[in-house]
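As structure tokens, the structure follows; a few thoughts come after it.
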Amino acid sequence: MATAPTRDAMDAALVQVTGGRPLSGRIPVQGSKNIALHLYAAALLADVPVVLTGAPAITDTGVCAQILRHTGAHVITRDGCFTVSPPGTVFPVVHPELGRRVRTTAVLAAAVLARTGQVAFPYPGGDAFCPRLIDRHLAAMQAAGAEVIAGDTGIRARRGARGLRAFTVDVNTPYGPSLGATVTAMLLAARAPGTSLITHPSIEPEVTETARFLADRGVLLHFDQDGLHVAGCDWVGGGTFAVAGDRIEAATMVMAAAATAGAVHLDNITAADFPDGLAHALAEAGITVADDPSGGVRTHLHGPLQAIEAATGPHPGLPTDTAPQLTAMLTQADGTSAIGERIYPRRDTHVSGLRALGADISTAGSILRVRGPVPLRGAELEAADIRAVTALLIAALAADGTSTIRGMFHLRRGYARLLPNLATLGAEITTIPGGP
């Protein structure tokens, strides 16, 4: 009998998954984790209250709320709304402990720097599946006229005598445009006098949604062949803004269903929200994702899953945050698949756990080769980041027998109701309170 875990139970470190059940049914998709985290920072620029609707009820939302409160902002999180009322005076410190728990620390720091002209912040936390530099964030702060001093435990930035200024900064990296640094530069530019230019900007939805948020609040900006132009202003409006549906969660549910030979109907998402690279990878594997007249999207699996060759890339390419889940799904595909990682130097923290379940995966640099279909079997597993543990969960759902997974608390950083939703679709999942 499927057990629908409660939110408190979802924080347990130990979960048992009995596989072999096709997943099917209808569930909603949460507001996007990654978009919301950048909007929380952008809300700190506003001079009047901001209400973000559709905010996901995840651990990172709570951490960001506490970080903003520490700066003096009044923050209320209730019923999917994240309400930020600006403080009279912003305290220019990103909480040193809380800041190490999220990935968007430098973006939050940029918002504080833009409001006060100074900030102290710790090095970011978040998933540590490979080294993730913040040099482009710091370059944007320096370009805006701030002196940046890096220490062992954190960073201090302070504007010069002339204050923040309009600037030009390149946010490109050897692996493509930096999403986070684009937002950092955008927030700084929104408050700096004059017009700034961000060259080689990311066009990920996190960036374009933050840009839309700022534009709705009176900031003038536009993209062209030269980059992203942002005209600074001394007053930023407030009001209500809806967080877009989470394309990563939607992809996760599609892949979980396909790995178990099932199909799902997802609300709060459209087929257009699936980036071209993701939609193409799913189609090549034999999965159709189409808008439904009643709302949301429906998936359809055309026979057995098929092997594919794909590589992650900047939007509208295959999102890197879907690659571990895709790897898990492709263990059940006919043939040998190849998945290349082009956003980060490598992303393979999920591989050892999948191999423990019986997956046939080989690695060559940043490329994973997955041979399938292979019969997976229950195993004792542990993972150390959000997407890796999600990949193990998908594979466990496709496996024969029962798997025990440690590290499931990572899910709460990015998924509000993943386990209950999977149970609604027919998964047999049992949480064990107090697991190690």
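Quick note on naming: the chains in the structure tokens go A, B, ... in the order shown, residues restart at 1 in each chain, and ligands are numbered from 1 in order of appearance.
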Distance table requested - stretch 234-279 of chain A against stretch 102-125 of chain A, cut-off 12 Å, only C-alpha atoms: one row per qualifying residue with the closest atom pair and its distance in Å to one decimal, ordered by chain and rising residue number, as a tab-separated table.
```
residue	atom	partner	partner_atom	distance
A:Asp234	CA	A:Arg115	CA	9.7
A:Trp235	CA	A:Arg115	CA	10.6
A:Val236	CA	A:Arg115	CA	10.9
```
Dump N, CA and C atoms for the selected residues as a tab-separated table (two decimals), in the first residue's frame?
```tsv
chain	number	residue	atom	x	y	z
A	234	ASP	N	16.48	55.00	-9.10
A	234	ASP	CA	16.59	55.20	-7.65
A	234	ASP	C	15.32	54.80	-6.92
A	235	TRP	N	14.36	54.22	-7.62
A	235	TRP	CA	13.13	53.73	-6.98
A	235	TRP	C	12.63	52.51	-7.75
A	236	VAL	N	12.40	51.42	-7.02
A	236	VAL	CA	11.91	50.17	-7.60
A	236	VAL	C	10.57	49.85	-6.97
```
Residue neighbourhood A:Ser337, 6 Å, only C-alpha atoms, exclusion window fewer than 4 positions, as a list in words
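Near neighbours after the sequence-gap exclusion: Ala307, Ile308, Glu309, Arg369 and Val370 of chain A.
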DSSP-assigned helix (DSSP H, G or I) among stretch 71-141 of chain A, expressed as an MDAnalysis selection string:
chainID A and resid 98:101 105:116 135:141
Of the candidates A:Val183, A:Val50, A:Ala416, A:Leu14, which one gets nearest to A:His38 if we count only C-alpha atoms?
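Nearest to A:His38: A:Val183.
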Within 10 Å of A:Gly88 using only C-alpha atoms, minus same-chain residues under 3 positions, as an MDAnalysis selection string
chainID A and resid 47 72:73 85 91
Resulting file, chosen residues, C-alpha atoms, as a PDB file, in the first residue's frame:
```pdb
ATOM      1  CA  ASP A  47      11.150  50.279  -2.108  1.00  0.00           C
ATOM      2  CA  GLY A  72      16.167  44.037   8.388  1.00  0.00           C
ATOM      3  CA  ALA A  73      13.453  43.191   5.858  1.00  0.00           C
ATOM      4  CA  SER A  85       8.526  44.595   3.062  1.00  0.00           C
ATOM      5  CA  PHE A  91      21.841  45.760   7.636  1.00  0.00           C
TER       6      PHE A  91
END
```
Residues within 8 Å of A:Leu330, please, as a list in words. Count only C-alpha atoms; anything in the same chain fewer than 4 positions from it doesn't count.
Ala259, Leu305, Gln306, Ala307, Leu326, Ser337, Val370, Arg371, Gly372 and Pro373 of chain A
Could those residues be written to a file, using N, CA and C atoms, as a PDB file, in the first residue's frame?
```
ATOM      1  N   ALA A 259      10.392   5.827 -16.482  1.00  0.00           N
ATOM      2  CA  ALA A 259      11.274   4.756 -16.005  1.00  0.00           C
ATOM      3  C   ALA A 259      10.483   3.567 -15.480  1.00  0.00           C
ATOM      4  N   LEU A 305      11.338   2.503 -23.831  1.00  0.00           N
ATOM      5  CA  LEU A 305      12.267   3.631 -23.889  1.00  0.00           C
ATOM      6  C   LEU A 305      13.424   3.322 -24.822  1.00  0.00           C
ATOM      7  N   GLN A 306      13.912   4.341 -25.516  1.00  0.00           N
ATOM      8  CA  GLN A 306      15.006   4.180 -26.462  1.00  0.00           C
ATOM      9  C   GLN A 306      16.235   4.963 -25.999  1.00  0.00           C
ATOM     10  N   ALA A 307      17.415   4.425 -26.270  1.00  0.00           N
ATOM     11  CA  ALA A 307      18.666   5.107 -25.932  1.00  0.00           C
ATOM     12  C   ALA A 307      18.792   6.398 -26.730  1.00  0.00           C
ATOM     13  N   LEU A 326      17.830  11.995 -15.866  1.00  0.00           N
ATOM     14  CA  LEU A 326      17.816  11.394 -17.199  1.00  0.00           C
ATOM     15  C   LEU A 326      18.679  10.141 -17.221  1.00  0.00           C
ATOM     16  N   SER A 337      23.157   4.776 -24.218  1.00  0.00           N
ATOM     17  CA  SER A 337      22.970   6.220 -24.259  1.00  0.00           C
ATOM     18  C   SER A 337      24.267   6.923 -23.875  1.00  0.00           C
ATOM     19  N   VAL A 370      25.434   4.946 -20.717  1.00  0.00           N
ATOM     20  CA  VAL A 370      24.470   4.139 -19.961  1.00  0.00           C
ATOM     21  C   VAL A 370      23.942   3.046 -20.865  1.00  0.00           C
ATOM     22  N   ARG A 371      24.200   1.784 -20.500  1.00  0.00           N
ATOM     23  CA  ARG A 371      23.681   0.666 -21.291  1.00  0.00           C
ATOM     24  C   ARG A 371      22.398   0.153 -20.674  1.00  0.00           C
ATOM     25  N   GLY A 372      21.409  -0.081 -21.518  1.00  0.00           N
ATOM     26  CA  GLY A 372      20.138  -0.573 -20.999  1.00  0.00           C
ATOM     27  C   GLY A 372      19.401  -1.405 -22.046  1.00  0.00           C
ATOM     28  N   PRO A 373      18.269  -1.954 -21.681  1.00  0.00           N
ATOM     29  CA  PRO A 373      17.736  -1.890 -20.317  1.00  0.00           C
ATOM     30  C   PRO A 373      18.409  -2.933 -19.431  1.00  0.00           C
TER      31      PRO A 373
END
```
Nearest to A:Gly262 by atom-to-atom distance, counting only C-alpha atoms, from A:Glu206, A:Ala42, A:Thr195, A:Arg298
A:Arg298
Which of stretch 143-263 of chain A counts as strand (DSSP E or B) under DSSP, as a PyMOL selection string please?
chain A and resi 146-150+154-159+168-170+172-173+176-177+195-199+220-224+227-231+239-242+245+263
Contacts of A:Leu23 at 10 Å or less, counting only C-alpha atoms, minus same-chain residues fewer than 5 places along, as an NGL selection string?
:A and (253-254 or 256-264 or 397-398 or 422-427)
Which residues are close to A:Ser202, i.e. within 10 Å by only C-alpha atoms, leaving aside same-chain residues fewer than 4 positions away? Reply as a VMD selection string.
chain A and resid 171 to 172 176 to 183 198 206 to 208 227 to 228 314 to 315
For A:Ile269, please output as a PyMOL selection string all residues within 10 Å (counting only C-alpha atoms; exclusion window: fewer than 5 positions along the same chain).
chain A and resi 28-31+244-247+250+274+291+295-297
